[in-house]
file protein-v8.cif (mmCIF, C-alpha atoms and all ligand atoms)
data_start
#
loop_
_atom_site.label_atom_id
_atom_site.label_comp_id
_atom_site.auth_asym_id
_atom_site.auth_seq_id
_atom_site.Cartn_x
_atom_site.Cartn_y
_atom_site.Cartn_z
CA MET A 1 35.07 -210.55 -121.57
CA LEU A 2 36.26 -208.96 -118.33
CA ARG A 3 39.06 -211.49 -118.06
CA SER A 4 40.12 -210.86 -121.65
CA LEU A 5 40.61 -207.24 -120.56
CA GLY A 6 42.84 -208.29 -117.67
CA ALA A 7 40.24 -207.97 -114.91
CA GLU A 8 39.69 -210.53 -112.21
CA ALA A 9 36.05 -211.66 -112.41
CA ARG A 10 33.92 -213.94 -110.29
CA GLU A 11 30.28 -214.94 -110.04
CA VAL A 12 28.32 -213.60 -107.09
CA ARG A 13 25.38 -215.44 -105.55
CA THR A 14 25.61 -214.61 -101.86
CA ALA A 15 26.00 -211.49 -99.75
CA GLU A 16 29.36 -212.82 -98.54
CA GLN A 17 30.64 -212.87 -102.12
CA LEU A 18 29.82 -209.17 -102.52
CA LYS A 19 32.55 -208.31 -100.07
CA SER A 20 35.82 -206.97 -101.45
CA LEU A 21 34.45 -206.56 -104.97
CA GLY A 22 35.65 -203.58 -106.96
CA GLY A 23 32.39 -203.49 -108.91
CA LEU A 24 29.36 -205.56 -109.80
CA ILE A 25 27.60 -206.41 -113.06
CA ILE A 26 23.96 -207.45 -112.83
CA PRO A 27 23.42 -209.31 -116.10
CA GLY A 28 20.41 -209.82 -118.33
CA GLY A 29 17.91 -212.52 -117.63
CA GLU A 30 14.47 -212.16 -116.10
CA SER A 31 13.91 -209.43 -113.54
CA THR A 32 10.94 -211.13 -111.87
CA THR A 33 13.19 -214.15 -111.20
CA PHE A 34 15.96 -211.86 -109.95
CA GLY A 35 13.46 -210.16 -107.64
CA ARG A 36 12.29 -213.46 -106.24
CA LEU A 37 15.83 -214.81 -105.72
CA ILE A 38 16.98 -211.53 -104.17
CA GLU A 39 14.12 -211.95 -101.71
CA ASP A 40 14.77 -215.67 -101.09
CA PHE A 41 18.50 -215.17 -100.57
CA ARG A 42 17.96 -211.95 -98.57
CA LEU A 43 20.13 -209.98 -100.94
CA GLN A 44 18.11 -206.74 -101.05
CA GLU A 45 19.87 -205.07 -98.14
CA PRO A 46 23.40 -206.30 -99.01
CA LEU A 47 22.93 -205.10 -102.60
CA SER A 48 21.52 -201.75 -101.45
CA ALA A 49 24.43 -201.39 -99.03
CA PHE A 50 26.85 -202.17 -101.86
CA VAL A 51 25.30 -199.38 -103.95
CA ARG A 52 25.27 -196.97 -100.98
CA SER A 53 28.96 -197.66 -100.38
CA GLY A 54 29.71 -196.00 -103.70
CA ALA A 55 30.64 -199.18 -105.53
CA PRO A 56 30.33 -199.16 -109.33
CA VAL A 57 27.44 -201.26 -110.61
CA TRP A 58 26.49 -201.96 -114.22
CA GLY A 59 23.12 -203.45 -115.04
CA THR A 60 22.35 -204.86 -118.49
CA CYS A 61 18.78 -205.45 -119.64
CA ALA A 62 17.10 -207.19 -116.66
CA GLY A 63 20.03 -205.79 -114.64
CA MET A 64 19.06 -202.30 -115.80
CA ILE A 65 15.54 -203.00 -114.54
CA MET A 66 16.92 -203.96 -111.12
CA LEU A 67 18.90 -200.71 -110.86
CA ALA A 68 16.08 -198.39 -111.98
CA ARG A 69 14.31 -196.03 -109.62
CA HIS A 70 11.05 -197.50 -110.90
CA ALA A 71 10.15 -200.42 -113.17
CA SER A 72 6.68 -201.05 -114.54
CA ASP A 73 4.95 -204.31 -113.83
CA LEU A 74 7.57 -205.70 -111.45
CA PRO A 75 6.13 -207.16 -108.24
CA PHE A 76 9.45 -206.72 -106.41
CA PRO A 77 11.39 -203.66 -105.23
CA THR A 78 14.23 -202.40 -107.40
CA LEU A 79 17.55 -201.17 -106.01
CA GLN A 80 16.73 -197.57 -107.01
CA ALA A 81 20.39 -196.99 -107.81
CA ILE A 82 19.89 -194.81 -110.89
CA ASP A 83 17.27 -192.15 -111.53
CA ILE A 84 15.51 -193.73 -114.51
CA GLU A 85 12.06 -195.21 -115.02
CA VAL A 86 11.81 -198.26 -117.23
CA ASP A 87 8.89 -200.00 -118.92
CA ARG A 88 9.49 -203.72 -118.92
CA ASN A 89 9.02 -205.51 -122.24
CA ALA A 90 7.80 -202.32 -123.89
CA TYR A 91 9.60 -203.09 -127.18
CA GLY A 92 7.30 -206.09 -127.48
CA ARG A 93 7.55 -209.83 -127.14
CA GLN A 94 10.54 -212.12 -127.68
CA VAL A 95 10.01 -212.03 -131.47
CA ASP A 96 10.31 -208.24 -131.34
CA SER A 97 13.91 -208.50 -130.16
CA PHE A 98 16.21 -206.56 -132.48
CA GLU A 99 19.76 -205.42 -133.16
CA ALA A 100 20.94 -201.93 -133.99
CA ASP A 101 24.14 -199.99 -134.59
CA ILE A 102 24.20 -197.15 -132.12
CA ASP A 103 26.42 -194.13 -131.60
CA VAL A 104 28.13 -194.03 -128.21
CA PRO A 105 30.56 -191.09 -128.18
CA ALA A 106 31.83 -192.03 -124.69
CA ILE A 107 33.39 -195.27 -125.99
CA GLY A 108 34.61 -194.08 -129.37
CA SER A 109 33.51 -192.98 -132.81
CA GLU A 110 32.88 -196.45 -134.29
CA PRO A 111 29.19 -197.49 -134.08
CA TYR A 112 28.43 -200.11 -131.44
CA HIS A 113 26.35 -203.14 -132.43
CA ALA A 114 23.71 -203.54 -129.73
CA VAL A 115 21.58 -206.66 -129.23
CA PHE A 116 18.20 -206.05 -127.59
CA ILE A 117 16.40 -209.11 -126.22
CA ARG A 118 12.97 -208.38 -124.80
CA ALA A 119 14.60 -205.26 -123.47
CA PRO A 120 13.12 -202.61 -121.19
CA VAL A 121 12.35 -199.18 -122.63
CA VAL A 122 13.78 -196.26 -120.67
CA ALA A 123 10.70 -194.08 -120.21
CA SER A 124 12.33 -191.20 -118.34
CA VAL A 125 15.70 -190.10 -117.00
CA GLY A 126 16.30 -187.73 -114.08
CA PRO A 127 18.44 -184.58 -114.33
CA GLY A 128 21.54 -186.24 -112.85
CA VAL A 129 21.62 -188.99 -115.44
CA GLU A 130 23.96 -188.86 -118.41
CA VAL A 131 22.56 -190.46 -121.57
CA LEU A 132 25.43 -192.33 -123.27
CA ALA A 133 23.38 -193.58 -126.23
CA ARG A 134 19.94 -193.44 -127.73
CA CYS A 135 18.26 -195.67 -130.25
CA ARG A 136 14.99 -196.16 -132.10
CA LYS A 137 13.77 -199.67 -132.78
CA ASP A 138 12.41 -198.78 -136.22
CA ASP A 139 11.26 -195.76 -138.20
CA THR A 140 7.92 -195.63 -136.43
CA SER A 141 9.37 -195.81 -132.89
CA PRO A 142 10.53 -192.86 -130.80
CA GLU A 143 14.21 -192.54 -129.96
CA THR A 144 14.85 -193.45 -126.33
CA PRO A 145 17.95 -193.78 -124.11
CA VAL A 146 19.54 -197.25 -124.21
CA ALA A 147 22.74 -196.59 -122.23
CA VAL A 148 22.81 -194.32 -119.18
CA ARG A 149 25.16 -193.44 -116.38
CA GLN A 150 24.80 -191.66 -113.06
CA GLY A 151 28.15 -191.42 -111.29
CA VAL A 152 29.47 -194.95 -110.85
CA ILE A 153 26.17 -196.58 -111.80
CA MET A 154 25.69 -197.60 -115.44
CA ALA A 155 22.77 -199.27 -117.15
CA THR A 156 22.35 -200.56 -120.70
CA SER A 157 19.17 -202.05 -122.11
CA PHE A 158 21.06 -204.32 -124.56
CA HIS A 159 23.39 -207.31 -124.06
CA PRO A 160 27.04 -206.22 -124.43
CA GLU A 161 28.31 -209.75 -123.77
CA LEU A 162 26.81 -211.04 -127.03
CA THR A 163 29.25 -209.43 -129.43
CA SER A 164 33.03 -209.41 -129.35
CA ASP A 165 33.14 -205.63 -128.89
CA THR A 166 34.63 -205.06 -125.44
CA ARG A 167 34.36 -201.27 -125.38
CA PHE A 168 31.51 -201.12 -122.84
CA HIS A 169 33.35 -203.56 -120.59
CA ARG A 170 36.49 -201.42 -120.87
CA TYR A 171 34.41 -198.32 -120.08
CA PHE A 172 32.99 -199.99 -116.96
CA LEU A 173 36.44 -201.19 -115.84
CA ASP A 174 37.63 -197.59 -116.15
CA ILE A 175 34.77 -196.51 -113.85
CA VAL A 176 35.81 -199.27 -111.41
CA ALA A 177 39.44 -198.17 -111.55
CA SER A 178 38.59 -194.52 -111.00
CA ALA A 179 36.29 -195.38 -108.08
CA GLY A 180 39.50 -196.62 -106.42
CA ARG A 181 37.93 -199.13 -104.11
CA PRO A 182 40.22 -201.26 -101.98
CA SER A 183 40.05 -204.42 -104.04
CA SER A 184 39.09 -203.22 -107.49
CA ALA A 185 39.46 -205.39 -110.55
CA LYS A 186 42.89 -204.96 -112.06
N1 LIG B 201 12.29 -209.06 -120.32
C1 LIG B 201 13.19 -209.31 -119.24
C2 LIG B 201 12.69 -208.70 -117.93
O1 LIG B 201 11.73 -208.04 -117.91
C3 LIG B 201 14.57 -208.76 -119.55
C4 LIG B 201 15.18 -209.52 -120.70
C5 LIG B 201 16.66 -209.55 -120.73
O2 LIG B 201 17.34 -209.33 -119.72
N2 LIG B 201 17.19 -209.86 -121.88
O3 LIG B 201 13.30 -208.89 -116.93
#
call {"tool": "encode", "arguments": {"input": "protein-v8.cif", "output": "structure tokens", "more": "lines below"}}
Ligand code: GLN
result
Amino acid sequence: MLRSLGAEAREVRTAEQLKSLGGLIIPGGESTTFGRLIEDFRLQEPLSAFVRSGAPVWGTCAGMIMLARHASDLPFPTLQAIDIEVDRNAYGRQVDSFEADIDVPAIGSEPYHAVFIRAPVVASVGPGVEVLARCRKDDTSPETPVAVRQGVIMATSFHPELTSDTRFHRYFLDIVASAGRPSSAK
């Protein structure tokens, strides 16, 4: 999706590959596995340094968990890059995954179709965090933030790569461009 928008994109597995990136996306998956691999590959400090350097980072679903200041029930440290607390798997089990049309004024007036797969629930956001979108799973659930941003750090609890709507990717590339790092994606 990034390439379709004209950006140069590459996969990152080592600290070396973090160098000269304009921005980083931490995708969905399983945060406990991420935590273990980050430990095994000694990526905690390089990733923290990347965040400290002011580089834009976008975390989706498990990636959001990794960026949070605190995540429930995660036996690994998070990167504490954005002032939110998340409850892992609080929407329920895999069968409780759901899709919803959400309003995201920052990317346009058309509703955005969001796919939630065993997503984390954002339990609290700090004062410096901008809530880009909120959603309720069903009529009995409370409305909670599902897309948040603090400076150049963005986190979404859904999977924006699973539809053909590129507006979130465009939004992130705009953050990368405005961060003006030496080798940002074009
Ligand atoms: N439930 C997963 C976790 O806790 C996240 C799922 C996902 O990224 N789709 O890490």
call {"tool": "closest_residue", "arguments": {"input": "protein-v8.cif", "among": "A:Ala114, A:Ala15, A:Ala81, A:Ala71", "to": "Thr166 (chain A)", "atoms": "all atoms listed in the file"}}
result
A:Ala114
call {"tool": "residues_near_ligand", "arguments": {"input": "protein-v8.cif", "ligand": "ligand LIG 201 (chain B)", "cutoff": "7 Å", "atoms": "only C-alpha atoms and all ligand atoms", "output": "list of chain:residue names"}}
result
A:Gly28, A:Gly29, A:Glu30, A:Ser31, A:Thr32, A:Thr60, A:Cys61, A:Ala62, A:Gly63, A:Ile65, A:Arg88, A:Asn89, A:Phe116, A:Ile117, A:Arg118, A:Ala119, A:Pro120
call {"tool": "closest_residue", "arguments": {"input": "protein-v8.cif", "among": "A:Ala123, A:Gly22, A:Leu5, A:Tyr112", "to": "Thr163 (chain A)", "atoms": "only C-alpha atoms"}}
result
A:Tyr112
call {"tool": "atom_distance", "arguments": {"input": "protein-v8.cif", "atom1": "CA of Glu99 (chain A)", "atom2": "CA of Asp139 (chain A)"}}
result
13.8 Å
call {"tool": "residues_around", "arguments": {"input": "protein-v8.cif", "residues": "Val122 (chain A)", "least_positions_apart": "4", "cutoff": "7 Å", "atoms": "only C-alpha atoms", "output": "number ranges by chain"}}
result
A: 84-87, 144-146
call {"tool": "atom_distance", "arguments": {"input": "protein-v8.cif", "atom1": "CA of Glu45 (chain A)", "atom2": "CA of Val131 (chain A)"}}
result
27.7 Å
call {"tool": "residues_around", "arguments": {"input": "protein-v8.cif", "residues": "Pro160 (chain A)", "least_positions_apart": "2", "cutoff": "9 Å", "atoms": "all atoms listed in the file", "output": "NGL selection string"}}
result
:A and (60 or 113-115 or 156 or 158 or 162-169)
call {"tool": "atom_distance", "arguments": {"input": "protein-v8.cif", "atom1": "CA of Leu2 (chain A)", "atom2": "CA of Leu173 (chain A)"}}
result
8.2 Å
call {"tool": "residues_around", "arguments": {"input": "protein-v8.cif", "residues": "Gln17 (chain A)", "least_positions_apart": "6", "cutoff": "12 Å", "atoms": "only C-alpha atoms", "output": "list of chain:residue names"}}
result
A:Ala9, A:Arg10, A:Glu11, A:Gly23, A:Leu24, A:Leu43, A:Pro46, A:Leu47, A:Phe50
call {"tool": "residues_around", "arguments": {"input": "protein-v8.cif", "residues": "Ala147 (chain A)", "least_positions_apart": "3", "cutoff": "6 Å", "atoms": "all atoms listed in the file", "output": "list in words"}}
result
Leu132, Ala133, Ala155 and Thr156 of chain A
call {"tool": "closest_residue", "arguments": {"input": "protein-v8.cif", "among": "A:Ser124, A:Gln94, A:Ser4, A:Ser157", "to": "Met66 (chain A)", "atoms": "all atoms listed in the file"}}
result
A:Ser157
call {"tool": "residues_near_point", "arguments": {"input": "protein-v8.cif", "point": "(15.8, -192.4, -111.9)", "cutoff": "9 Å", "atoms": "only C-alpha atoms", "output": "list in words"}}
result
Leu67, Ala68, Arg69, His70, Gln80, Ala81, Ile82, Asp83, Ile84, Glu85, Val86, Ser124, Val125, Gly126, Pro127, Gly128 and Val129 of chain A
call {"tool": "closest_residue", "arguments": {"input": "protein-v8.cif", "among": "A:Ala100, A:Ile26, A:Leu21, A:Ala179", "to": "Trp58 (chain A)", "atoms": "all atoms listed in the file"}}
result
A:Ile26
